[in-house]
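Text of the file final36.txt, holding compact mmCIF, N, CA and C atoms:
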# COMPACT_ATOMS: atom_id res chain seq x y z
N MET A 617 0.85 -1.18 0.00
CA MET A 617 0.00 0.00 0.00
C MET A 617 0.89 1.24 0.00
N SER A 618 0.60 2.15 -0.90
CA SER A 618 1.39 3.38 -0.97
C SER A 618 0.99 4.33 0.16
N MET A 619 1.82 5.33 0.41
CA MET A 619 1.53 6.31 1.45
C MET A 619 0.26 7.08 1.12
N LYS A 620 0.05 7.40 -0.14
CA LYS A 620 -1.17 8.11 -0.58
C LYS A 620 -2.41 7.29 -0.29
N GLU A 621 -2.34 5.99 -0.58
CA GLU A 621 -3.48 5.10 -0.34
C GLU A 621 -3.75 4.99 1.16
N PHE A 622 -2.69 4.87 1.94
CA PHE A 622 -2.83 4.78 3.39
C PHE A 622 -3.46 6.06 3.94
N GLU A 623 -2.99 7.20 3.47
CA GLU A 623 -3.53 8.50 3.91
C GLU A 623 -5.02 8.60 3.58
N LYS A 624 -5.38 8.20 2.38
CA LYS A 624 -6.77 8.24 1.94
C LYS A 624 -7.64 7.36 2.83
N GLU A 625 -7.14 6.17 3.14
CA GLU A 625 -7.88 5.22 3.98
C GLU A 625 -8.06 5.77 5.40
N VAL A 626 -7.02 6.33 5.96
CA VAL A 626 -7.08 6.88 7.32
C VAL A 626 -8.06 8.05 7.38
N LEU A 627 -7.96 8.95 6.41
CA LEU A 627 -8.82 10.14 6.40
C LEU A 627 -10.28 9.82 6.11
N ALA A 628 -10.54 8.64 5.55
CA ALA A 628 -11.92 8.24 5.25
C ALA A 628 -12.66 7.75 6.50
N LYS A 629 -11.93 7.48 7.57
CA LYS A 629 -12.55 6.97 8.79
C LYS A 629 -13.35 8.08 9.47
N PRO A 630 -14.46 7.71 10.13
CA PRO A 630 -15.29 8.70 10.82
C PRO A 630 -14.49 9.49 11.87
N GLY A 631 -14.64 10.80 11.85
CA GLY A 631 -13.97 11.65 12.83
C GLY A 631 -12.54 12.01 12.50
N ALA A 632 -11.99 11.44 11.45
CA ALA A 632 -10.58 11.68 11.11
C ALA A 632 -10.32 13.13 10.75
N SER A 633 -11.18 13.73 9.94
CA SER A 633 -10.93 15.11 9.53
C SER A 633 -11.03 16.07 10.72
N GLN A 634 -11.92 15.78 11.66
CA GLN A 634 -12.03 16.60 12.87
C GLN A 634 -10.76 16.48 13.71
N ARG A 635 -10.23 15.28 13.85
CA ARG A 635 -9.00 15.08 14.62
C ARG A 635 -7.81 15.77 13.95
N VAL A 636 -7.76 15.72 12.62
CA VAL A 636 -6.69 16.41 11.90
C VAL A 636 -6.77 17.91 12.18
N ALA A 637 -7.98 18.48 12.17
CA ALA A 637 -8.17 19.90 12.46
C ALA A 637 -7.72 20.23 13.89
N GLU A 638 -8.02 19.34 14.84
CA GLU A 638 -7.59 19.54 16.23
C GLU A 638 -6.07 19.55 16.34
N ILE A 639 -5.43 18.63 15.66
CA ILE A 639 -3.97 18.55 15.68
C ILE A 639 -3.36 19.81 15.07
N GLU A 640 -3.96 20.28 13.97
CA GLU A 640 -3.47 21.51 13.35
C GLU A 640 -3.58 22.69 14.31
N ASP A 641 -4.69 22.77 15.07
CA ASP A 641 -4.85 23.84 16.07
C ASP A 641 -3.79 23.75 17.15
N GLU A 642 -3.53 22.53 17.62
CA GLU A 642 -2.50 22.32 18.65
C GLU A 642 -1.13 22.78 18.15
N LEU A 643 -0.80 22.40 16.92
CA LEU A 643 0.48 22.79 16.34
C LEU A 643 0.58 24.30 16.14
N ARG A 644 -0.52 24.92 15.72
CA ARG A 644 -0.55 26.37 15.52
C ARG A 644 -0.31 27.10 16.84
N LEU A 645 -0.96 26.63 17.91
CA LEU A 645 -0.77 27.24 19.23
C LEU A 645 0.67 27.07 19.69
N ALA A 646 1.21 25.88 19.57
CA ALA A 646 2.59 25.62 20.00
C ALA A 646 3.57 26.48 19.21
N ALA A 647 3.40 26.54 17.91
CA ALA A 647 4.30 27.34 17.07
C ALA A 647 4.16 28.83 17.38
N GLY A 648 2.94 29.27 17.62
CA GLY A 648 2.69 30.68 17.93
C GLY A 648 3.32 31.09 19.25
N LEU A 649 3.15 30.28 20.29
CA LEU A 649 3.73 30.61 21.59
C LEU A 649 5.26 30.60 21.52
N THR A 650 5.81 29.60 20.86
CA THR A 650 7.26 29.52 20.72
C THR A 650 7.79 30.73 19.96
N ALA A 651 7.12 31.12 18.89
CA ALA A 651 7.54 32.28 18.10
C ALA A 651 7.49 33.56 18.92
N LEU A 652 6.44 33.72 19.73
CA LEU A 652 6.33 34.91 20.59
C LEU A 652 7.50 34.98 21.56
N ARG A 653 7.82 33.84 22.17
CA ARG A 653 8.92 33.80 23.14
C ARG A 653 10.24 34.13 22.46
N GLU A 654 10.47 33.52 21.30
CA GLU A 654 11.73 33.75 20.58
C GLU A 654 11.84 35.19 20.09
N GLU A 655 10.73 35.76 19.62
CA GLU A 655 10.74 37.16 19.18
C GLU A 655 11.05 38.10 20.34
N ALA A 656 10.65 37.71 21.55
CA ALA A 656 10.94 38.52 22.74
C ALA A 656 12.38 38.32 23.20
N GLY A 657 13.11 37.39 22.55
CA GLY A 657 14.50 37.13 22.90
C GLY A 657 14.66 36.38 24.21
N LEU A 658 13.66 35.58 24.56
CA LEU A 658 13.69 34.86 25.82
C LEU A 658 13.90 33.37 25.62
N SER A 659 14.69 32.78 26.49
CA SER A 659 14.81 31.32 26.52
C SER A 659 13.63 30.79 27.34
N GLN A 660 13.41 29.51 27.27
CA GLN A 660 12.36 28.91 28.09
C GLN A 660 12.65 29.13 29.57
N ARG A 661 13.91 29.03 29.95
CA ARG A 661 14.30 29.22 31.35
C ARG A 661 14.02 30.65 31.81
N GLU A 662 14.36 31.64 30.96
CA GLU A 662 14.11 33.05 31.30
C GLU A 662 12.62 33.34 31.43
N LEU A 663 11.84 32.79 30.50
CA LEU A 663 10.39 32.98 30.56
C LEU A 663 9.82 32.33 31.81
N ALA A 664 10.32 31.15 32.13
CA ALA A 664 9.86 30.45 33.33
C ALA A 664 10.04 31.32 34.58
N LYS A 665 11.20 31.96 34.70
CA LYS A 665 11.45 32.84 35.85
C LYS A 665 10.47 34.01 35.87
N LEU A 666 10.18 34.57 34.69
CA LEU A 666 9.27 35.71 34.61
C LEU A 666 7.85 35.37 35.06
N ILE A 667 7.40 34.17 34.75
CA ILE A 667 6.02 33.81 35.10
C ILE A 667 5.93 32.89 36.31
N GLY A 668 7.08 32.60 36.92
CA GLY A 668 7.08 31.85 38.17
C GLY A 668 6.79 30.38 38.06
N VAL A 669 7.28 29.77 37.00
CA VAL A 669 7.11 28.32 36.82
C VAL A 669 8.47 27.71 36.46
N SER A 670 8.52 26.40 36.35
CA SER A 670 9.77 25.73 35.96
C SER A 670 9.91 25.73 34.44
N GLN A 671 11.13 25.52 33.97
CA GLN A 671 11.38 25.45 32.53
C GLN A 671 10.60 24.29 31.90
N PRO A 672 10.52 23.11 32.54
CA PRO A 672 9.70 22.05 31.95
C PRO A 672 8.22 22.44 31.82
N ARG A 673 7.73 23.29 32.73
CA ARG A 673 6.34 23.75 32.63
C ARG A 673 6.16 24.64 31.40
N VAL A 674 7.17 25.46 31.07
CA VAL A 674 7.10 26.28 29.86
C VAL A 674 7.03 25.37 28.63
N VAL A 675 7.82 24.30 28.63
CA VAL A 675 7.75 23.33 27.53
C VAL A 675 6.34 22.77 27.43
N ALA A 676 5.76 22.40 28.57
CA ALA A 676 4.40 21.84 28.57
C ALA A 676 3.38 22.86 28.07
N ILE A 677 3.54 24.12 28.47
CA ILE A 677 2.63 25.18 28.01
C ILE A 677 2.73 25.32 26.49
N GLU A 678 3.95 25.34 25.98
CA GLU A 678 4.16 25.53 24.55
C GLU A 678 3.68 24.35 23.71
N HIS A 679 3.53 23.20 24.32
CA HIS A 679 3.13 22.01 23.56
C HIS A 679 1.76 21.48 23.95
N SER A 680 0.99 22.24 24.71
CA SER A 680 -0.31 21.77 25.15
C SER A 680 -1.42 22.57 24.51
N HIS A 681 -2.49 21.90 24.17
CA HIS A 681 -3.67 22.61 23.68
C HIS A 681 -4.63 22.90 24.83
N ASN A 682 -4.34 22.34 25.99
CA ASN A 682 -5.22 22.50 27.13
C ASN A 682 -4.58 23.43 28.16
N VAL A 683 -4.43 24.70 27.77
CA VAL A 683 -3.81 25.70 28.62
C VAL A 683 -4.90 26.66 29.09
N THR A 684 -4.87 27.03 30.36
CA THR A 684 -5.90 27.94 30.86
C THR A 684 -5.66 29.35 30.34
N ILE A 685 -6.69 30.14 30.33
CA ILE A 685 -6.58 31.54 29.90
C ILE A 685 -5.63 32.28 30.82
N ASP A 686 -5.67 31.97 32.11
CA ASP A 686 -4.78 32.63 33.07
C ASP A 686 -3.31 32.38 32.72
N VAL A 687 -2.97 31.14 32.40
CA VAL A 687 -1.59 30.79 32.04
C VAL A 687 -1.21 31.47 30.72
N LEU A 688 -2.11 31.44 29.74
CA LEU A 688 -1.83 32.13 28.47
C LEU A 688 -1.63 33.62 28.70
N ASP A 689 -2.45 34.23 29.56
CA ASP A 689 -2.33 35.65 29.85
C ASP A 689 -0.96 35.96 30.47
N GLN A 690 -0.52 35.15 31.43
CA GLN A 690 0.80 35.35 32.05
C GLN A 690 1.90 35.21 31.01
N TYR A 691 1.81 34.20 30.18
CA TYR A 691 2.81 33.93 29.13
C TYR A 691 2.89 35.12 28.19
N VAL A 692 1.74 35.54 27.68
CA VAL A 692 1.70 36.63 26.70
C VAL A 692 2.20 37.95 27.30
N HIS A 693 1.83 38.24 28.55
CA HIS A 693 2.33 39.46 29.18
C HIS A 693 3.85 39.39 29.38
N ALA A 694 4.37 38.23 29.71
CA ALA A 694 5.81 38.07 29.93
C ALA A 694 6.62 38.33 28.65
N VAL A 695 6.01 38.06 27.49
CA VAL A 695 6.71 38.31 26.23
C VAL A 695 6.35 39.68 25.64
N GLY A 696 5.64 40.48 26.42
CA GLY A 696 5.36 41.85 26.03
C GLY A 696 4.06 42.07 25.27
N GLY A 697 3.16 41.13 25.33
CA GLY A 697 1.91 41.26 24.60
C GLY A 697 0.70 41.38 25.50
N THR A 698 -0.45 41.45 24.88
CA THR A 698 -1.73 41.49 25.58
C THR A 698 -2.61 40.40 24.98
N LEU A 699 -3.17 39.56 25.84
CA LEU A 699 -4.04 38.49 25.37
C LEU A 699 -5.44 39.04 25.13
N GLU A 700 -5.98 38.74 23.97
CA GLU A 700 -7.35 39.09 23.65
C GLU A 700 -8.10 37.82 23.29
N VAL A 701 -9.32 37.68 23.82
CA VAL A 701 -10.16 36.53 23.51
C VAL A 701 -11.46 37.07 22.94
N ASN A 702 -11.77 36.65 21.72
CA ASN A 702 -12.97 37.11 21.04
C ASN A 702 -13.82 35.93 20.59
N VAL A 703 -15.12 36.17 20.56
CA VAL A 703 -16.05 35.20 20.00
C VAL A 703 -16.65 35.85 18.75
N VAL A 704 -16.56 35.15 17.63
CA VAL A 704 -17.12 35.65 16.39
C VAL A 704 -18.34 34.80 16.06
N LYS A 705 -19.46 35.48 15.91
CA LYS A 705 -20.72 34.80 15.62
C LYS A 705 -21.41 35.57 14.50
N GLY A 706 -21.35 35.01 13.30
CA GLY A 706 -21.88 35.73 12.15
C GLY A 706 -21.06 36.98 11.91
N ARG A 707 -21.72 38.13 11.90
CA ARG A 707 -21.03 39.40 11.71
C ARG A 707 -20.71 40.08 13.04
N SER A 708 -21.07 39.45 14.13
CA SER A 708 -20.81 40.02 15.44
C SER A 708 -19.51 39.48 16.01
N LYS A 709 -18.81 40.35 16.71
CA LYS A 709 -17.57 39.95 17.39
C LYS A 709 -17.69 40.45 18.83
N ILE A 710 -17.60 39.54 19.76
CA ILE A 710 -17.71 39.88 21.17
C ILE A 710 -16.37 39.64 21.83
N SER A 711 -15.80 40.70 22.40
CA SER A 711 -14.53 40.58 23.11
C SER A 711 -14.79 40.12 24.53
N LEU A 712 -14.21 39.02 24.90
CA LEU A 712 -14.37 38.49 26.25
C LEU A 712 -13.23 38.93 27.16
N LEU A 713 -12.07 39.15 26.57
CA LEU A 713 -10.89 39.51 27.34
C LEU A 713 -9.97 40.32 26.45
N GLY A 714 -9.45 41.40 26.97
CA GLY A 714 -8.48 42.18 26.20
C GLY A 714 -8.85 43.63 26.07
N ALA A 715 -8.36 44.22 25.00
CA ALA A 715 -8.44 45.67 24.79
C ALA A 715 -9.86 46.22 24.85
N SER A 716 -10.77 45.63 24.13
CA SER A 716 -12.15 46.14 24.17
C SER A 716 -13.08 45.00 24.50
N ALA A 717 -13.88 45.19 25.52
CA ALA A 717 -14.80 44.14 25.93
C ALA A 717 -16.22 44.50 25.55
N LYS A 718 -16.39 45.04 24.35
CA LYS A 718 -17.72 45.44 23.88
C LYS A 718 -18.12 44.58 22.69
N PRO A 719 -19.41 44.22 22.62
CA PRO A 719 -19.88 43.51 21.42
C PRO A 719 -19.82 44.45 20.22
N THR A 720 -19.39 43.92 19.09
CA THR A 720 -19.35 44.75 17.88
C THR A 720 -19.99 44.00 16.73
N THR A 721 -20.57 44.74 15.82
CA THR A 721 -21.09 44.17 14.58
C THR A 721 -20.53 45.00 13.45
N LYS A 722 -20.66 44.51 12.26
CA LYS A 722 -20.15 45.24 11.11
C LYS A 722 -20.80 46.62 11.02
N SER A 723 -22.11 46.70 11.24
CA SER A 723 -22.79 47.99 11.15
C SER A 723 -22.36 48.91 12.29
N ALA A 724 -22.09 48.37 13.47
CA ALA A 724 -21.64 49.19 14.59
C ALA A 724 -20.26 49.77 14.30
N ARG A 725 -19.39 48.99 13.64
CA ARG A 725 -18.06 49.49 13.29
C ARG A 725 -18.17 50.61 12.26
N LYS A 726 -19.09 50.47 11.28
CA LYS A 726 -19.28 51.51 10.28
C LYS A 726 -19.75 52.80 10.95
N THR A 727 -20.70 52.68 11.88
CA THR A 727 -21.21 53.85 12.59
C THR A 727 -20.10 54.53 13.36
N THR A 728 -19.26 53.74 14.02
CA THR A 728 -18.16 54.30 14.78
C THR A 728 -17.18 55.02 13.87
N ARG A 729 -16.84 54.41 12.74
CA ARG A 729 -15.95 55.05 11.78
C ARG A 729 -16.54 56.34 11.24
N SER A 730 -17.83 56.32 10.93
CA SER A 730 -18.49 57.52 10.40
C SER A 730 -18.47 58.65 11.42
N ALA A 731 -18.71 58.33 12.67
CA ALA A 731 -18.72 59.33 13.73
C ALA A 731 -17.33 59.92 13.93
N LYS A 732 -16.28 59.10 13.80
CA LYS A 732 -14.91 59.57 13.98
C LYS A 732 -14.49 60.48 12.83
N SER A 733 -14.94 60.20 11.63
CA SER A 733 -14.52 61.00 10.48
C SER A 733 -15.30 62.30 10.35
N ALA A 734 -16.42 62.42 11.04
CA ALA A 734 -17.26 63.64 10.97
C ALA A 734 -16.70 64.79 11.77

As structure tokens - that is how I would like this structure written.
Amino acid sequence: MSMKEFEKEVLAKPGASQRVAEIEDELRLAAGLTALREEAGLSQRELAKLIGVSQPRVVAIEHSHNVTIDVLDQYVHAVGGTLEVNVVKGRSKISLLGASAKPTTKSARKTTRSAKSA
């Protein structure tokens, strides 16, 4: 069996595409956190000291999809950022955490822009 045939067979199984999407999300989070830390010029050990955890815990944070918002917030602040959590539902965007905690819609943004330019 070729690799292509094997891949096709595996992806045809129920739930496979959802699991692939979950793995992609996990990898995106890990790569994003690692990139933030590296851009800040911090080693895992230095970041660990900043947020009060061990270096192995930083490794676990960077490779886990099950990280609390509190831990993410500490991590992001330590690398010089601000964590924002938004829910997008249709054309509405609701900020749960971060810079603006107000519900917004496309029409509300247009109104705000119009008022600012007047």

Non-local contacts of Asp641 (chain A) (12 Å; only C-alpha atoms; under 6 positions in same chain excluded) as a VMD selection string: chain A and resid 634 to 635 647 to 648 679 to 682

Could you pull out the residues in chain A that DSSP calls helix (DSSP H, G or I) from the backbone, as an MDAnalysis selection string? chainID A and resid 619:627 632:655 660:667 671:678 685:694 722:733

Residue list (strand (DSSP E or B), DSSP) for region 664-724 of chain A, as a PyMOL selection string: chain A and resi 701-705+708-713+719-721

In Å, rounded to a single decimal, give me how far atom N of Glu642 (chain A) is from CA of Gly696 (chain A). 22.9 Å

Which residue of A:Ser708, A:Ser633, A:Ser659, A:Ser618 approaches Val695 (chain A) most closely, using only C-alpha atoms: A:Ser659

As an exercise, work out the distance from atom C of Ala664 (chain A) to atom C of Gln690 (chain A) in Å and give it to one decimal place. 9.7 Å
